[in-house]
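As provided, query-v2.pdb (PDB, C-alpha atoms (C1' of nucleotides)) reads as follows.
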ATOM      1  CA  MET A  29       0.000   0.000   0.000
ATOM      2  CA  HIS A  30       1.547   3.229  -1.170
ATOM      3  CA  LEU A  31       0.496   6.520   0.310
ATOM      4  CA  ASP A  32       1.275   9.852  -1.211
ATOM      5  CA  GLU A  33       2.820  12.604   0.856
ATOM      6  CA  ARG A  34      -0.430  14.194   1.978
ATOM      7  CA  GLU A  35      -2.011  10.884   2.936
ATOM      8  CA  ARG A  36       1.051   9.910   4.922
ATOM      9  CA  ARG A  37       0.952  13.192   6.828
ATOM     10  CA  ARG A  38      -2.773  12.702   7.478
ATOM     11  CA  GLU A  39      -2.182   9.236   8.836
ATOM     12  CA  LEU A  40       0.488  10.584  11.146
ATOM     13  CA  TYR A  41      -1.858  13.288  12.413
ATOM     14  CA  ARG A  42      -4.504  10.646  13.014
ATOM     15  CA  LEU A  43      -2.147   8.554  15.121
ATOM     16  CA  GLN A  44      -0.930  11.633  16.962
ATOM     17  CA  ALA A  45      -4.532  12.549  17.745
ATOM     18  CA  MET A  46      -5.063   9.066  19.177
ATOM     19  CA  LEU A  47      -2.023   9.517  21.379
ATOM     20  CA  CYS A  48      -3.278  12.891  22.632
ATOM     21  CA  GLN A  49      -6.675  11.348  23.271
ATOM     22  CA  VAL A  50      -4.996   8.970  25.701
ATOM     23  CA  LEU A  51      -3.525  11.953  27.529
ATOM     24  CA  ALA A  52      -6.915  13.672  27.588
ATOM     25  CA  ASP A  53      -8.206  12.235  30.836
ATOM     26  CA  PRO A  54      -7.412  13.510  34.329
ATOM     27  CA  THR A  55      -7.182  10.057  35.884
ATOM     28  CA  ARG A  56      -4.775   8.841  33.222
ATOM     29  CA  ILE A  57      -2.628  11.936  33.663
ATOM     30  CA  GLU A  58      -2.483  11.269  37.378
ATOM     31  CA  LEU A  59      -1.522   7.646  36.727
ATOM     32  CA  ILE A  60       1.278   8.741  34.415
ATOM     33  CA  GLU A  61       2.540  11.158  37.054
ATOM     34  CA  LEU A  62       2.506   8.449  39.710
ATOM     35  CA  LEU A  63       4.244   5.948  37.445
ATOM     36  CA  GLY A  64       6.822   8.634  36.734
ATOM     37  CA  GLU A  65       8.016   8.064  40.313
ATOM     38  CA  GLY A  66       8.594   4.402  39.563
ATOM     39  CA  PRO A  67       6.713   1.122  39.027
ATOM     40  CA  LYS A  68       3.597   0.645  41.092
ATOM     41  CA  ALA A  69       0.946  -1.987  41.709
ATOM     42  CA  VAL A  70      -2.695  -1.383  40.796
ATOM     43  CA  LYS A  71      -3.670  -1.329  44.422
ATOM     44  CA  GLU A  72      -1.117   1.370  45.182
ATOM     45  CA  LEU A  73      -2.381   3.442  42.283
ATOM     46  CA  ALA A  74      -5.962   3.033  43.404
ATOM     47  CA  GLN A  75      -5.000   4.099  46.905
ATOM     48  CA  ALA A  76      -2.904   7.049  45.788
ATOM     49  CA  THR A  77      -5.635   8.386  43.529
ATOM     50  CA  GLY A  78      -8.511   7.499  45.788
ATOM     51  CA  GLN A  79     -10.329   5.891  42.881
ATOM     52  CA  ARG A  80     -11.973   2.481  42.702
ATOM     53  CA  GLN A  81      -9.824  -0.386  41.509
ATOM     54  CA  ALA A  82     -11.981  -1.201  38.475
ATOM     55  CA  LYS A  83     -11.685   2.342  37.227
ATOM     56  CA  ILE A  84      -7.915   2.308  37.598
ATOM     57  CA  SER A  85      -7.690  -1.002  35.764
ATOM     58  CA  GLN A  86      -9.802   0.376  32.952
ATOM     59  CA  HIS A  87      -7.532   3.356  32.498
ATOM     60  CA  LEU A  88      -4.427   1.203  32.783
ATOM     61  CA  ALA A  89      -5.854  -0.961  30.026
ATOM     62  CA  VAL A  90      -6.114   2.085  27.783
ATOM     63  CA  LEU A  91      -2.538   3.088  28.557
ATOM     64  CA  ARG A  92      -1.396  -0.485  27.967
ATOM     65  CA  GLN A  93      -3.199  -0.866  24.660
ATOM     66  CA  ARG A  94      -1.572   2.316  23.413
ATOM     67  CA  GLY A  95       1.814   1.144  24.576
ATOM     68  CA  LEU A  96       2.380   3.907  27.124
ATOM     69  CA  VAL A  97       2.794   1.563  30.056
ATOM     70  CA  HIS A  98       4.121  -1.900  30.574
ATOM     71  CA  ALA A  99       2.682  -4.470  32.996
ATOM     72  CA  GLN A 100       4.561  -7.162  34.831
ATOM     73  CA  ARG A 101       3.263  -9.841  37.126
ATOM     74  CA  VAL A 102       4.847 -10.007  40.558
ATOM     75  CA  GLY A 103       3.193 -12.745  42.545
ATOM     76  CA  THR A 104      -0.431 -11.862  42.750
ATOM     77  CA  GLU A 105       0.165  -8.226  41.869
ATOM     78  CA  MET A 106       0.623  -6.430  38.577
ATOM     79  CA  HIS A 107       3.351  -3.849  38.504
ATOM     80  CA  TYR A 108       2.928  -1.073  35.996
ATOM     81  CA  SER A 109       5.621   1.218  34.674
ATOM     82  CA  LEU A 110       6.081   3.806  31.949
ATOM     83  CA  THR A 111       7.551   2.447  28.741
ATOM     84  CA  ASP A 112       9.183   5.761  27.929
ATOM     85  CA  PRO A 113      10.133   8.635  30.243
ATOM     86  CA  ARG A 114       9.276  11.093  27.478
ATOM     87  CA  ILE A 115       5.623  10.386  28.153
ATOM     88  CA  LEU A 116       6.150  12.187  31.434
ATOM     89  CA  GLU A 117       7.949  14.962  29.567
ATOM     90  CA  ALA A 118       5.000  15.388  27.234
ATOM     91  CA  CYS A 119       2.715  15.655  30.246
ATOM     92  CA  HIS A 120       4.928  18.253  31.831
ATOM     93  CA  LEU A 121       5.150  20.314  28.681
ATOM     94  CA  THR A 122       1.396  20.440  28.219
ATOM     95  CA  ARG A 123       1.055  21.300  31.880
ATOM     96  CA  SER A 124       3.474  24.192  31.683
ATOM     97  CA  LEU A 125       1.636  25.359  28.588
ATOM     98  CA  LEU A 126      -1.544  25.255  30.607
ATOM     99  CA  LEU A 127       0.007  27.128  33.513
ATOM    100  CA  ASP A 128       1.202  29.866  31.178
ATOM    101  CA  GLN A 129      -2.290  30.159  29.796
ATOM    102  CA  LEU A 130      -3.767  30.428  33.264
ATOM    103  CA  LEU A 131      -1.144  32.975  34.205
ATOM    104  CA  ARG A 132      -1.886  35.081  31.160
ATOM    105  CA  GLN A 133      -5.596  34.899  31.884
ATOM    106  CA  GLY A 134      -4.857  35.966  35.419
ATOM    107  CA  GLU A 135      -2.894  38.953  34.196
ATOM    108  CA  LEU A 136      -5.679  39.819  31.806
ATOM    109  CA  ALA A 137      -8.187  39.660  34.630
ATOM    110  CA  GLU A 138      -5.979  41.862  36.782
ATOM    111  CA  SER A 139      -5.491  44.454  34.074
ATOM    112  CA  VAL A 140      -9.219  44.573  33.464
ATOM    113  CA  LEU A 141      -9.774  45.062  37.165
ATOM    114  CA  SER A 142      -7.123  47.775  37.437
ATOM    115  CA  GLU A 143      -8.662  49.662  34.501
ATOM    116  CA  ARG A 144     -11.910  49.882  36.410
ATOM    117  CA  ARG A 145     -10.366  51.366  39.523
TER     118      ARG A 145
ATOM    119  CA  MET B  14     -13.251  28.792  47.768
ATOM    120  CA  HIS B  15     -10.332  27.013  49.335
ATOM    121  CA  LEU B  16      -9.011  23.806  47.876
ATOM    122  CA  ASP B  17      -6.706  21.451  49.654
ATOM    123  CA  GLU B  18      -3.577  20.158  48.013
ATOM    124  CA  ARG B  19      -5.127  17.065  46.467
ATOM    125  CA  GLU B  20      -8.124  18.935  45.121
ATOM    126  CA  ARG B  21      -5.895  21.573  43.593
ATOM    127  CA  ARG B  22      -3.827  18.904  41.848
ATOM    128  CA  ARG B  23      -7.014  17.239  40.608
ATOM    129  CA  GLU B  24      -8.293  20.493  39.199
ATOM    130  CA  LEU B  25      -5.017  21.020  37.373
ATOM    131  CA  TYR B  26      -5.194  17.524  35.889
ATOM    132  CA  ARG B  27      -8.731  18.233  34.768
ATOM    133  CA  LEU B  28      -7.695  21.385  32.960
ATOM    134  CA  GLN B  29      -4.696  19.647  31.475
ATOM    135  CA  ALA B  30      -6.955  16.893  30.166
ATOM    136  CA  MET B  31      -9.132  19.521  28.514
ATOM    137  CA  LEU B  32      -6.081  20.985  26.840
ATOM    138  CA  CYS B  33      -5.002  17.557  25.563
ATOM    139  CA  GLN B  34      -8.521  16.950  24.332
ATOM    140  CA  VAL B  35      -8.128  19.962  22.072
ATOM    141  CA  LEU B  36      -4.967  18.432  20.638
ATOM    142  CA  ALA B  37      -6.725  15.096  20.144
ATOM    143  CA  ASP B  38      -8.082  15.705  16.659
ATOM    144  CA  PRO B  39      -6.172  15.249  13.412
ATOM    145  CA  THR B  40      -7.702  18.294  11.738
ATOM    146  CA  ARG B  41      -6.859  20.532  14.674
ATOM    147  CA  ILE B  42      -3.299  19.237  14.736
ATOM    148  CA  GLU B  43      -2.980  20.043  11.058
ATOM    149  CA  LEU B  44      -4.355  23.533  11.669
ATOM    150  CA  ILE B  45      -1.849  24.116  14.444
ATOM    151  CA  GLU B  46       0.954  22.986  12.171
ATOM    152  CA  LEU B  47      -0.199  25.323   9.410
ATOM    153  CA  LEU B  48      -0.577  28.251  11.785
ATOM    154  CA  GLY B  49       2.914  27.490  13.011
ATOM    155  CA  GLU B  50       4.115  28.805   9.657
ATOM    156  CA  GLY B  51       2.391  32.109  10.320
ATOM    157  CA  PRO B  52      -1.076  33.702  10.380
ATOM    158  CA  LYS B  53      -3.545  32.411   7.825
ATOM    159  CA  ALA B  54      -7.088  33.095   6.679
ATOM    160  CA  VAL B  55      -9.813  30.483   7.059
ATOM    161  CA  LYS B  56      -9.999  30.061   3.315
ATOM    162  CA  GLU B  57      -6.294  29.323   3.107
ATOM    163  CA  LEU B  58      -6.588  26.759   5.873
ATOM    164  CA  ALA B  59      -9.542  25.105   4.178
ATOM    165  CA  GLN B  60      -7.599  24.946   0.936
ATOM    166  CA  ALA B  61      -4.400  23.679   2.512
ATOM    167  CA  THR B  62      -6.187  20.910   4.371
ATOM    168  CA  GLY B  63      -8.658  20.096   1.632
ATOM    169  CA  GLN B  64     -11.497  20.226   4.142
ATOM    170  CA  ARG B  65     -14.812  22.065   3.896
ATOM    171  CA  GLN B  66     -14.868  25.589   5.260
ATOM    172  CA  ALA B  67     -17.559  24.899   7.850
ATOM    173  CA  LYS B  68     -15.509  22.105   9.341
ATOM    174  CA  ILE B  69     -12.432  24.306   9.553
ATOM    175  CA  SER B  70     -14.432  27.067  11.226
ATOM    176  CA  GLN B  71     -15.795  24.586  13.742
ATOM    177  CA  HIS B  72     -12.345  23.417  14.690
ATOM    178  CA  LEU B  73     -11.008  26.958  14.795
ATOM    179  CA  ALA B  74     -13.831  27.797  17.171
ATOM    180  CA  VAL B  75     -12.660  25.033  19.500
ATOM    181  CA  LEU B  76      -9.083  26.285  19.349
ATOM    182  CA  ARG B  77     -10.285  29.834  19.943
ATOM    183  CA  GLN B  78     -12.484  28.961  22.907
ATOM    184  CA  ARG B  79      -9.555  27.198  24.544
ATOM    185  CA  GLY B  80      -7.300  30.165  23.863
ATOM    186  CA  LEU B  81      -4.866  28.353  21.566
ATOM    187  CA  VAL B  82      -5.403  30.655  18.635
ATOM    188  CA  HIS B  83      -6.221  34.274  18.152
ATOM    189  CA  ALA B  84      -8.477  35.686  15.417
ATOM    190  CA  GLN B  85      -8.216  39.060  13.761
ATOM    191  CA  ARG B  86     -10.400  40.645  11.136
ATOM    192  CA  VAL B  87      -8.649  41.839   8.001
ATOM    193  CA  GLY B  88     -11.224  43.267   5.648
ATOM    194  CA  THR B  89     -13.586  40.462   4.871
ATOM    195  CA  GLU B  90     -11.201  37.789   6.062
ATOM    196  CA  MET B  91     -10.371  36.411   9.477
ATOM    197  CA  HIS B  92      -6.703  35.831  10.128
ATOM    198  CA  TYR B  93      -5.870  33.190  12.670
ATOM    199  CA  SER B  94      -2.588  32.781  14.499
ATOM    200  CA  LEU B  95      -1.173  30.784  17.392
ATOM    201  CA  THR B  96      -1.266  32.564  20.733
ATOM    202  CA  ASP B  97       1.819  30.744  21.935
ATOM    203  CA  PRO B  98       4.580  29.052  19.941
ATOM    204  CA  ARG B  99       4.867  26.410  22.657
ATOM    205  CA  ILE B 100       1.612  24.929  21.390
ATOM    206  CA  LEU B 101       3.576  23.914  18.322
ATOM    207  CA  GLU B 102       6.308  22.574  20.586
ATOM    208  CA  ALA B 103       3.814  20.430  22.445
ATOM    209  CA  CYS B 104       2.574  19.057  19.135
ATOM    210  CA  HIS B 105       6.091  18.276  18.041
ATOM    211  CA  LEU B 106       6.950  16.547  21.284
ATOM    212  CA  THR B 107       3.920  14.291  21.166
ATOM    213  CA  ARG B 108       4.703  13.560  17.548
ATOM    214  CA  SER B 109       8.274  12.561  18.263
ATOM    215  CA  LEU B 110       6.967  10.407  21.083
ATOM    216  CA  LEU B 111       4.649   8.775  18.594
ATOM    217  CA  LEU B 112       7.420   8.260  16.068
ATOM    218  CA  ASP B 113       9.586   6.584  18.689
ATOM    219  CA  GLN B 114       6.709   4.291  19.523
ATOM    220  CA  LEU B 115       6.194   3.414  15.888
ATOM    221  CA  LEU B 116       9.910   2.849  15.476
ATOM    222  CA  ARG B 117      10.025   0.541  18.454
ATOM    223  CA  GLN B 118       7.020  -1.371  17.171
ATOM    224  CA  GLY B 119       8.763  -1.643  13.836
ATOM    225  CA  GLU B 120      11.865  -3.054  15.491
ATOM    226  CA  LEU B 121       9.733  -5.474  17.440
ATOM    227  CA  ALA B 122       8.042  -6.625  14.254
ATOM    228  CA  GLU B 123      11.404  -7.063  12.579
ATOM    229  CA  SER B 124      12.835  -9.062  15.464
ATOM    230  CA  VAL B 125       9.781 -11.302  15.478
ATOM    231  CA  LEU B 126      10.198 -11.830  11.764
ATOM    232  CA  SER B 127      13.915 -12.576  12.033
ATOM    233  CA  GLU B 128      13.279 -15.135  14.758
ATOM    234  CA  ARG B 129      11.058 -17.099  12.414
ATOM    235  CA  ARG B 130      13.624 -17.307   9.648
TER     236      ARG B 130
ATOM    237  C1'  DT C  16     -29.974  49.119  -1.887
ATOM    238  C1'  DT C  17     -28.371  44.434  -3.908
ATOM    239  C1'  DA C  18     -25.129  40.881  -4.746
ATOM    240  C1'  DC C  19     -21.216  38.539  -3.549
ATOM    241  C1'  DT C  20     -17.391  36.697  -0.822
ATOM    242  C1'  DG C  21     -15.758  34.963   3.439
ATOM    243  C1'  DT C  22     -16.849  33.135   7.775
ATOM    244  C1'  DA C  23     -19.722  31.444  11.733
ATOM    245  C1'  DT C  24     -23.396  28.946  13.804
ATOM    246  C1'  DT C  25     -27.079  25.637  14.391
ATOM    247  C1'  DC C  26     -29.179  21.185  14.003
ATOM    248  C1'  DG C  27     -29.508  16.257  13.933
ATOM    249  C1'  DA C  28     -27.447  11.843  13.442
ATOM    250  C1'  DA C  29     -23.743   8.813  14.300
ATOM    251  C1'  DT C  30     -20.126   7.528  16.964
ATOM    252  C1'  DG C  31     -17.114   7.295  20.938
ATOM    253  C1'  DC C  32     -15.922   7.762  25.931
ATOM    254  C1'  DG C  33     -16.063   7.287  31.077
ATOM    255  C1'  DC C  34     -18.253   5.382  34.687
ATOM    256  C1'  DG C  35     -20.454   2.209  38.147
ATOM    257  C1'  DA C  36     -22.005  -2.305  38.912
ATOM    258  C1'  DA C  37     -21.454  -6.821  38.464
ATOM    259  C1'  DT C  38     -18.739 -10.645  37.236
ATOM    260  C1'  DA C  39     -14.541 -13.170  35.684
ATOM    261  C1'  DT C  40      -9.847 -14.388  36.019
ATOM    262  C1'  DT C  41      -5.396 -15.417  38.125
ATOM    263  C1'  DC C  42      -2.356 -16.377  41.629
ATOM    264  C1'  DT C  43      -1.188 -17.887  46.434
ATOM    265  C1'  DA C  44      -1.701 -20.014  50.730
ATOM    266  C1'  DA C  45      -3.712 -23.189  53.603
TER     267       DA C  45
ATOM    268  C1'  DT D  30      -8.975 -28.404  46.484
ATOM    269  C1'  DT D  31     -10.964 -24.345  48.439
ATOM    270  C1'  DA D  32     -10.750 -19.510  50.037
ATOM    271  C1'  DG D  33      -9.315 -15.209  49.411
ATOM    272  C1'  DA D  34      -6.702 -11.316  47.541
ATOM    273  C1'  DA D  35      -5.471  -8.663  43.443
ATOM    274  C1'  DT D  36      -6.687  -7.496  39.026
ATOM    275  C1'  DA D  37      -9.359  -7.586  34.595
ATOM    276  C1'  DT D  38     -13.348  -7.481  31.794
ATOM    277  C1'  DT D  39     -18.137  -6.853  30.336
ATOM    278  C1'  DC D  40     -22.396  -4.396  30.085
ATOM    279  C1'  DG D  41     -25.359  -0.540  29.770
ATOM    280  C1'  DC D  42     -26.256   4.211  30.474
ATOM    281  C1'  DG D  43     -25.489   9.108  30.051
ATOM    282  C1'  DC D  44     -22.788  12.457  27.981
ATOM    283  C1'  DA D  45     -19.636  14.665  24.729
ATOM    284  C1'  DT D  46     -17.746  15.044  20.103
ATOM    285  C1'  DT D  47     -17.661  15.145  15.126
ATOM    286  C1'  DC D  48     -19.502  15.809  10.830
ATOM    287  C1'  DG D  49     -22.394  17.319   6.839
ATOM    288  C1'  DA D  50     -26.072  20.131   5.552
ATOM    289  C1'  DA D  51     -28.278  24.120   5.811
ATOM    290  C1'  DT D  52     -28.463  28.648   7.189
ATOM    291  C1'  DA D  53     -27.064  33.026   9.185
ATOM    292  C1'  DC D  54     -24.029  36.869   9.495
ATOM    293  C1'  DA D  55     -20.511  40.498   8.223
ATOM    294  C1'  DG D  56     -18.031  43.258   5.191
ATOM    295  C1'  DT D  57     -17.315  45.148   0.453
ATOM    296  C1'  DA D  58     -18.188  46.691  -3.971
ATOM    297  C1'  DA D  59     -21.255  48.007  -7.502
TER     298       DA D  59
END

Can you give me the file's structure in the form of structure tokens?
Amino acid sequence: MHLDERERRRELYRLQAMLCQVLADPTRIELIELLGEGPKAVKELAQATGQRQAKISQHLAVLRQRGLVHAQRVGTEMHYSLTDPRILEACHLTRSLLLDQLLRQGELAESVLSERR
Amino acid sequence: MHLDERERRRELYRLQAMLCQVLADPTRIELIELLGEGPKAVKELAQATGQRQAKISQHLAVLRQRGLVHAQRVGTEMHYSLTDPRILEACHLTRSLLLDQLLRQGELAESVLSERR
DNA sequence: TTACTGTATTCGAATGCGCGAATATTCTAA
DNA sequence: TTAGAATATTCGCGCATTCGAATACAGTAA
């Protein structure tokens, strides 16, 4: 199957969108952050996030299917870890982008307020 | 309204997820890439992507509402531009992450194939 | 004014996602 | 083998998202 240049770029954008979709959930972001500290069992993750185990497993399944995390059996537990530290980097970059946005909005709000004084 | 530490972190993750959600669409990624080259009119963007104008406007509206792009009237046209070059950076980082993943999968496929020889 | 170009919005249908609840699976220890 | 702990999966509902089609709106030029 041969794709021309535009189709190849489109396909890449499609895959990239799927990757971003995985990052587009607060629970999954939290899981990635926690796994950034090192491998953890499902139970630990459930405890740390305060979420029900089934929910955590569901989100871990998504991360697993997309190849962002790796699971390993240790006795009766499953230990999850990030497959690539750059996943954490990507999270941090989008977060700093977000913080800048919030900051700018804050400044905007302040300047609007100061104009009214 | 006072939030404790955990709630504040949760709220941040929620906002970050919303930001990622915006990046989780192939058309929007393409628009961001195009706007990375400089400001462009809606018509240009529609042409460059080969998508219908209404669709482009819809996606631009999403980007606008989330503060990723800025719109400016120029005569009868609307010129869109990125509000922050780091948006492009974020796109590029997730893309390189994706490419690494694809590469690794490719290597895996190759090693599986070579084992069977 | 009218006509035209460029852009935005609305609507409805189809699809996809996240969640809780319930259930299944897998491993270990007795 | 049975019991129990840890984890995974399935199902169904409510909600959000995307798209095309149609329509509305804004600015310009005649």

Could you give me, as a tab-separated table, a per-residue list for chain D showing, wherever an atom lies at most 10 Å from an atom of chain B, the closest pair of atoms and their distance in Å to one decimal, using only C-alpha atoms (C1' of nucleotides) and sorting by chain then residue number from low to high?
residue	atom	partner	partner_atom	distance
D:DT47	C1'	B:Lys68	CA	9.3
D:DC48	C1'	B:Lys68	CA	7.6
D:DG49	C1'	B:Lys68	CA	8.8
D:DA55	C1'	B:Thr89	CA	7.7
D:DG56	C1'	B:Thr89	CA	5.3
D:DT57	C1'	B:Thr89	CA	7.4

Contact set, chain C to chain B: 10 Å, only C-alpha atoms (C1' of nucleotides), as a PDB file with C-alpha atoms (C1' of nucleotides), in the frame of the given file:
ATOM      1  C1'  DT C  20     -17.391  36.697  -0.822  1.00  0.00           C
ATOM      2  C1'  DG C  21     -15.758  34.963   3.439  1.00  0.00           C
ATOM      3  C1'  DT C  22     -16.849  33.135   7.775  1.00  0.00           C
ATOM      4  C1'  DA C  23     -19.722  31.444  11.733  1.00  0.00           C
ATOM      5  C1'  DT C  24     -23.396  28.946  13.804  1.00  0.00           C
TER       6       DT C  24
END

**Request:** Return as a PyMOL selection string the set of residues that the PyMOL selection byres ((chain B) within 8 of (chain A)) yields on the displayed structure.
**Result:** chain B and resi 23+26-34+36-40+42-43+80+99-100+103+106-108+110-111+114

**Asked** For the atom pair C1' of DC40 in chain D and CA of Gln93 in chain A, what is the interatomic distance in Å to one decimal place?
**Response** 20.3 Å

**Asked** Got a sec to resolve the PyMOL selection byres ((chain C and resi 31-34) around 8) on this structure and send the residues as number ranges by chain?
**Response** A: 83; C: 30, 35; D: 45-46

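Each of A:Gly66, A:Glu72, A:Ala99, A:Glu61 was checked against Ile84 in chain A using only C-alpha atoms; the smallest atom-to-atom distance is that of A:Glu72.
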
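The gap separating CA of Pro52 in chain B from CA of Ser94 in chain B is 4.5 Å, in Å to one decimal.
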